[in-house]
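> Coordinates in final_4.pdb, PDB, C-alpha atoms, pLDDT in the B column, are listed below.
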```
ATOM      1  CA  MET T  12     -97.459  21.042  -7.081  1.00 45.00           C
ATOM      2  CA  SER T  13     -97.529  22.173  -3.461  1.00 49.00           C
ATOM      3  CA  PRO T  14     -97.592  19.554  -0.683  1.00 43.00           C
ATOM      4  CA  THR T  15     -99.865  21.892   1.288  1.00 55.00           C
ATOM      5  CA  LEU T  16    -102.705  20.573  -0.830  1.00 76.00           C
ATOM      6  CA  LEU T  17    -102.521  17.406   1.227  1.00 85.00           C
ATOM      7  CA  LYS T  18    -103.522  17.140   4.859  1.00 92.00           C
ATOM      8  CA  ILE T  19    -102.289  14.004   6.501  1.00 95.00           C
ATOM      9  CA  ARG T  20    -103.198  12.933   9.995  1.00 97.00           C
ATOM     10  CA  ILE T  21    -101.577  10.150  11.987  1.00 97.00           C
ATOM     11  CA  ASN T  22    -104.138   8.536  14.291  1.00 97.00           C
ATOM     12  CA  HIS T  23    -103.373   6.460  17.358  1.00 96.00           C
ATOM     13  CA  GLU T  24    -105.906   4.828  19.668  1.00 95.00           C
ATOM     14  CA  GLY T  25    -108.679   7.284  18.848  1.00 95.00           C
ATOM     15  CA  ASN T  26    -106.477  10.384  18.966  1.00 96.00           C
ATOM     16  CA  THR T  27    -104.827  12.394  16.245  1.00 96.00           C
ATOM     17  CA  ALA T  28    -101.205  11.936  17.249  1.00 97.00           C
ATOM     18  CA  LEU T  29     -99.954  14.252  14.511  1.00 98.00           C
ATOM     19  CA  GLY T  30    -101.508  16.439  11.862  1.00 97.00           C
ATOM     20  CA  PRO T  31    -101.086  19.841  10.217  1.00 96.00           C
ATOM     21  CA  GLY T  32    -102.273  21.829  13.236  1.00 97.00           C
ATOM     22  CA  LYS T  33    -100.056  19.978  15.676  1.00 98.00           C
ATOM     23  CA  ILE T  34     -97.052  20.386  13.385  1.00 98.00           C
ATOM     24  CA  GLU T  35     -97.716  24.129  13.167  1.00 98.00           C
ATOM     25  CA  LEU T  36     -98.031  24.263  16.961  1.00 98.00           C
ATOM     26  CA  LEU T  37     -94.702  22.459  17.376  1.00 98.00           C
ATOM     27  CA  GLN T  38     -93.067  24.902  14.971  1.00 98.00           C
ATOM     28  CA  MET T  39     -94.503  27.867  16.880  1.00 98.00           C
ATOM     29  CA  ILE T  40     -93.359  26.442  20.235  1.00 98.00           C
ATOM     30  CA  GLU T  41     -89.900  25.935  18.770  1.00 97.00           C
ATOM     31  CA  GLN T  42     -89.872  29.507  17.482  1.00 97.00           C
ATOM     32  CA  HIS T  43     -91.281  31.195  20.611  1.00 96.00           C
ATOM     33  CA  GLY T  44     -90.115  28.886  23.406  1.00 95.00           C
ATOM     34  CA  SER T  45     -93.545  28.909  24.979  1.00 95.00           C
ATOM     35  CA  ILE T  46     -96.893  27.160  24.608  1.00 95.00           C
ATOM     36  CA  SER T  47     -98.657  30.390  25.533  1.00 94.00           C
ATOM     37  CA  ALA T  48     -96.825  32.464  22.919  1.00 95.00           C
ATOM     38  CA  ALA T  49     -97.367  29.748  20.305  1.00 97.00           C
ATOM     39  CA  ALA T  50    -101.092  29.691  21.117  1.00 97.00           C
ATOM     40  CA  LYS T  51    -101.320  33.475  20.764  1.00 97.00           C
ATOM     41  CA  GLN T  52     -99.509  33.336  17.422  1.00 96.00           C
ATOM     42  CA  MET T  53    -101.998  30.724  16.211  1.00 97.00           C
ATOM     43  CA  GLN T  54    -104.986  32.585  17.698  1.00 97.00           C
ATOM     44  CA  MET T  55    -105.961  29.659  19.917  1.00 97.00           C
ATOM     45  CA  SER T  56    -106.477  29.447  23.637  1.00 97.00           C
ATOM     46  CA  TYR T  57    -103.616  28.374  25.870  1.00 95.00           C
ATOM     47  CA  ARG T  58    -105.829  25.554  27.154  1.00 97.00           C
ATOM     48  CA  ARG T  59    -106.385  24.202  23.631  1.00 98.00           C
ATOM     49  CA  ALA T  60    -102.675  24.395  22.802  1.00 97.00           C
ATOM     50  CA  TRP T  61    -101.789  22.641  26.065  1.00 96.00           C
ATOM     51  CA  GLU T  62    -104.340  19.893  25.296  1.00 97.00           C
ATOM     52  CA  LEU T  63    -102.802  19.332  21.855  1.00 98.00           C
ATOM     53  CA  VAL T  64     -99.312  19.089  23.388  1.00 98.00           C
ATOM     54  CA  ASP T  65    -100.637  16.680  26.017  1.00 97.00           C
ATOM     55  CA  VAL T  66    -102.155  14.420  23.342  1.00 98.00           C
ATOM     56  CA  MET T  67     -98.871  14.322  21.444  1.00 98.00           C
ATOM     57  CA  ASN T  68     -96.892  13.547  24.581  1.00 98.00           C
ATOM     58  CA  ARG T  69     -99.319  10.730  25.475  1.00 97.00           C
ATOM     59  CA  CYS T  70     -99.395   9.221  21.973  1.00 98.00           C
ATOM     60  CA  PHE T  71     -95.658   8.813  21.530  1.00 98.00           C
ATOM     61  CA  ASP T  72     -93.195   6.741  23.524  1.00 98.00           C
ATOM     62  CA  GLN T  73     -90.889   9.749  23.818  1.00 98.00           C
ATOM     63  CA  THR T  74     -91.596  13.283  24.986  1.00 98.00           C
ATOM     64  CA  VAL T  75     -92.432  15.681  22.165  1.00 98.00           C
ATOM     65  CA  VAL T  76     -92.555  18.925  24.166  1.00 98.00           C
ATOM     66  CA  LEU T  77     -90.953  19.643  27.543  1.00 97.00           C
ATOM     67  CA  SER T  78     -92.597  22.416  29.522  1.00 90.00           C
ATOM     68  CA  SER T  79     -91.967  24.129  32.823  1.00 82.00           C
ATOM     69  CA  ALA T  80     -94.568  25.935  34.896  1.00 75.00           C
ATOM     70  CA  GLY T  81     -94.722  29.708  34.881  1.00 65.00           C
ATOM     71  CA  GLY T  82     -94.222  31.862  37.930  1.00 58.00           C
ATOM     72  CA  THR T  83     -91.731  34.500  39.015  1.00 54.00           C
ATOM     73  CA  HIS T  84     -89.008  33.053  36.828  1.00 58.00           C
ATOM     74  CA  GLY T  85     -91.400  32.435  33.954  1.00 61.00           C
ATOM     75  CA  GLY T  86     -92.181  29.162  32.320  1.00 72.00           C
ATOM     76  CA  GLY T  87     -91.340  27.909  28.947  1.00 90.00           C
ATOM     77  CA  ALA T  88     -91.486  25.011  26.588  1.00 96.00           C
ATOM     78  CA  GLN T  89     -89.148  23.401  24.165  1.00 96.00           C
ATOM     79  CA  VAL T  90     -89.625  20.936  21.374  1.00 98.00           C
ATOM     80  CA  THR T  91     -87.413  17.947  22.095  1.00 98.00           C
ATOM     81  CA  ALA T  92     -85.007  16.448  19.571  1.00 98.00           C
ATOM     82  CA  PHE T  93     -87.615  13.728  19.069  1.00 98.00           C
ATOM     83  CA  GLY T  94     -90.290  16.391  18.463  1.00 98.00           C
ATOM     84  CA  LYS T  95     -88.047  18.042  15.886  1.00 98.00           C
ATOM     85  CA  SER T  96     -87.598  14.675  14.168  1.00 98.00           C
ATOM     86  CA  LEU T  97     -91.407  14.337  14.017  1.00 98.00           C
ATOM     87  CA  ILE T  98     -91.672  17.725  12.285  1.00 98.00           C
ATOM     88  CA  GLU T  99     -89.076  16.667   9.707  1.00 98.00           C
ATOM     89  CA  ALA T 100     -90.651  13.235   9.172  1.00 98.00           C
ATOM     90  CA  TYR T 101     -94.114  14.767   8.729  1.00 97.00           C
ATOM     91  CA  GLN T 102     -92.809  17.272   6.177  1.00 96.00           C
ATOM     92  CA  GLN T 103     -91.090  14.437   4.292  1.00 96.00           C
ATOM     93  CA  ILE T 104     -94.346  12.435   4.264  1.00 96.00           C
ATOM     94  CA  LEU T 105     -96.183  15.398   2.721  1.00 94.00           C
ATOM     95  CA  GLN T 106     -93.476  15.948   0.126  1.00 93.00           C
ATOM     96  CA  LYS T 107     -93.178  12.284  -0.843  1.00 95.00           C
ATOM     97  CA  SER T 108     -96.955  11.809  -0.953  1.00 94.00           C
ATOM     98  CA  ALA T 109     -97.372  14.809  -3.234  1.00 90.00           C
ATOM     99  CA  GLN T 110     -94.583  13.569  -5.499  1.00 92.00           C
ATOM    100  CA  ALA T 111     -96.040  10.064  -5.661  1.00 94.00           C
ATOM    101  CA  ALA T 112     -99.472  11.400  -6.565  1.00 93.00           C
ATOM    102  CA  VAL T 113     -98.424  14.326  -8.769  1.00 92.00           C
ATOM    103  CA  ASP T 114    -100.503  13.201 -11.780  1.00 92.00           C
ATOM    104  CA  GLU T 115    -103.617  12.544  -9.725  1.00 93.00           C
ATOM    105  CA  LEU T 116    -103.262  15.815  -7.799  1.00 90.00           C
ATOM    106  CA  ASP T 117    -102.745  17.657 -11.075  1.00 91.00           C
ATOM    107  CA  LEU T 118    -105.956  16.183 -12.499  1.00 93.00           C
ATOM    108  CA  ILE T 119    -107.919  17.107  -9.391  1.00 92.00           C
ATOM    109  CA  THR T 120    -106.563  20.639  -9.058  1.00 90.00           C
ATOM    110  CA  ARG T 121    -107.023  21.397 -12.766  1.00 91.00           C
ATOM    111  CA  HIS T 122    -110.739  20.764 -12.358  1.00 92.00           C
ATOM    112  CA  LEU T 123    -111.321  22.792  -9.221  1.00 91.00           C
ATOM    113  CA  LYS T 124    -113.525  25.798  -9.878  1.00 91.00           C
ATOM    114  CA  LYS T 125    -111.715  29.111 -10.023  1.00 88.00           C
ATOM    115  CA  THR T 126    -112.928  31.748  -7.573  1.00 85.00           C
TER     116      THR T 126
END
```
Do you think you could lay out the structure here as structure tokens?

Amino acid sequence: MSPTLLKIRINHEGNTALGPGKIELLQMIEQHGSISAAAKQMQMSYRRAWELVDVMNRCFDQTVVLSSAGGTHGGGAQVTAFGKSLIEAYQQILQKSAQAAVDELDLITRHLKKT
């Protein structure tokens, strides 16, 4: 049973503080060291990626992504240690949720139409 069957979102004061797309964005920022490069990898606009990072940084009491402006020396972004802990915690939530609901997920997936 794959935990990717589940999509979990953590909401806070009307915003999605964390969800599958934001986790993927954090992973891409960590991999590429840049919001712009992460956005390109995910085929999203830089503006949209920046907005998602901004929401995460506003929702949590610690910085999730640190970024520096571009220019002659180039910009960049890095996922903070706290941001990395959010990625790990989110992945654990998916894994534990799937394990806890393995029978129910099995029943549901067995009855999905085959394409």
> As a check of understanding, name the residues that the PyMOL selection byres ((chain T and resi 63-68) around 10) selects in the supplied structure, as a compact mmCIF listing (two decimals) with C-alpha atoms, keeping the file's coordinate frame.

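Now in expr_16.txt:
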```
# COMPACT_ATOMS: atom_id res chain seq x y z
CA HIS T 23 -103.37 6.46 17.36
CA ASN T 26 -106.48 10.38 18.97
CA THR T 27 -104.83 12.39 16.24
CA ALA T 28 -101.20 11.94 17.25
CA LEU T 29 -99.95 14.25 14.51
CA GLY T 32 -102.27 21.83 13.24
CA LYS T 33 -100.06 19.98 15.68
CA LEU T 36 -98.03 24.26 16.96
CA LEU T 37 -94.70 22.46 17.38
CA ILE T 40 -93.36 26.44 20.24
CA ILE T 46 -96.89 27.16 24.61
CA TYR T 57 -103.62 28.37 25.87
CA ARG T 58 -105.83 25.55 27.15
CA ARG T 59 -106.38 24.20 23.63
CA ALA T 60 -102.68 24.40 22.80
CA TRP T 61 -101.79 22.64 26.06
CA GLU T 62 -104.34 19.89 25.30
CA ARG T 69 -99.32 10.73 25.48
CA CYS T 70 -99.40 9.22 21.97
CA PHE T 71 -95.66 8.81 21.53
CA ASP T 72 -93.20 6.74 23.52
CA GLN T 73 -90.89 9.75 23.82
CA THR T 74 -91.60 13.28 24.99
CA VAL T 75 -92.43 15.68 22.16
CA VAL T 76 -92.56 18.92 24.17
CA LEU T 77 -90.95 19.64 27.54
CA SER T 78 -92.60 22.42 29.52
CA GLY T 94 -90.29 16.39 18.46
```
> Identify all residues satisfying the PyMOL selection byres ((chain T and resi 100-111) around 9) in the given file; provide them as a ChimeraX atom specification.
/T:12-19,29-31,34,95-99,112-116
> Find the residue from T:Asn22, T:Gln38, T:Gln89, T:Thr120 that sits nearest to T:Gln52; use only C-alpha atoms when measuring.
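That would be T:Gln38, the residue with the smallest distance to T:Gln52.
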> Tell me, in Å to one decimal, how far atom CA of T:Ile21 is from atom CA of T:Lys124.
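Computing the Euclidean distance for atom CA of T:Ile21 and atom CA of T:Lys124 yields 29.4 Å.
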> Stretch 108-114 of chain T, all listed atoms, 8 Å padding on each side: what axis-aligned box centre and edge lengths in Å to one decimal come out, as AutoDock Vina command-line options?

```
--center_x -97.5 --center_y 12.4 --center_z -6.4 --size_x 21.9 --size_y 20.7 --size_z 26.8
```
> Please compute the atom CA of T:Gly44-atom CA of T:Ala88 distance, one decimal, in Å.
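Atom-to-atom, atom CA of T:Gly44 and atom CA of T:Ala88 are spaced 5.2 Å apart.
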> Since the input is missing atoms for stretch 28-47 of chain T, could you rebuild it with N, CA and C atoms and give the result as a short mmCIF file (atom, residue, chain, number, x, y, z; two decimals), keeping the file's coordinate frame?

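The resulting file, part15.cif, is reproduced below:
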```cif
data_model
loop_
_atom_site.label_atom_id
_atom_site.label_comp_id
_atom_site.auth_asym_id
_atom_site.auth_seq_id
_atom_site.Cartn_x
_atom_site.Cartn_y
_atom_site.Cartn_z
N ALA T 28 -102.53 11.78 16.67
CA ALA T 28 -101.20 11.94 17.25
C ALA T 28 -100.45 13.07 16.58
N LEU T 29 -100.67 13.24 15.27
CA LEU T 29 -99.95 14.25 14.51
C LEU T 29 -100.79 14.65 13.31
N GLY T 30 -100.79 15.91 13.01
CA GLY T 30 -101.51 16.44 11.86
C GLY T 30 -101.01 17.85 11.58
N PRO T 31 -101.59 18.52 10.60
CA PRO T 31 -101.09 19.84 10.22
C PRO T 31 -101.12 20.87 11.34
N GLY T 32 -102.18 20.87 12.14
CA GLY T 32 -102.27 21.83 13.24
C GLY T 32 -101.25 21.57 14.32
N LYS T 33 -101.04 20.31 14.65
CA LYS T 33 -100.06 19.98 15.68
C LYS T 33 -98.64 20.27 15.19
N ILE T 34 -98.37 20.05 13.94
CA ILE T 34 -97.05 20.39 13.38
C ILE T 34 -96.83 21.90 13.46
N GLU T 35 -97.83 22.67 13.08
CA GLU T 35 -97.72 24.13 13.17
C GLU T 35 -97.49 24.56 14.61
N LEU T 36 -98.21 23.94 15.55
CA LEU T 36 -98.03 24.26 16.96
C LEU T 36 -96.60 23.95 17.41
N LEU T 37 -96.08 22.80 17.03
CA LEU T 37 -94.70 22.46 17.38
C LEU T 37 -93.73 23.50 16.81
N GLN T 38 -93.95 23.91 15.59
CA GLN T 38 -93.07 24.90 14.97
C GLN T 38 -93.14 26.24 15.71
N MET T 39 -94.34 26.61 16.14
CA MET T 39 -94.50 27.87 16.88
C MET T 39 -93.87 27.78 18.28
N ILE T 40 -94.00 26.63 18.93
CA ILE T 40 -93.36 26.44 20.24
C ILE T 40 -91.85 26.53 20.08
N GLU T 41 -91.35 25.90 19.03
CA GLU T 41 -89.90 25.94 18.77
C GLU T 41 -89.44 27.37 18.54
N GLN T 42 -90.23 28.13 17.82
CA GLN T 42 -89.87 29.51 17.48
C GLN T 42 -89.97 30.43 18.70
N HIS T 43 -91.01 30.26 19.52
CA HIS T 43 -91.28 31.20 20.61
C HIS T 43 -90.84 30.71 21.98
N GLY T 44 -90.56 29.41 22.12
CA GLY T 44 -90.12 28.89 23.41
C GLY T 44 -91.19 28.84 24.48
N SER T 45 -92.44 28.84 24.03
CA SER T 45 -93.54 28.91 24.98
C SER T 45 -94.83 28.40 24.34
N ILE T 46 -95.59 27.62 25.10
CA ILE T 46 -96.89 27.16 24.61
C ILE T 46 -97.84 28.35 24.51
N SER T 47 -97.79 29.21 25.50
CA SER T 47 -98.66 30.39 25.53
C SER T 47 -98.41 31.30 24.33
#
```
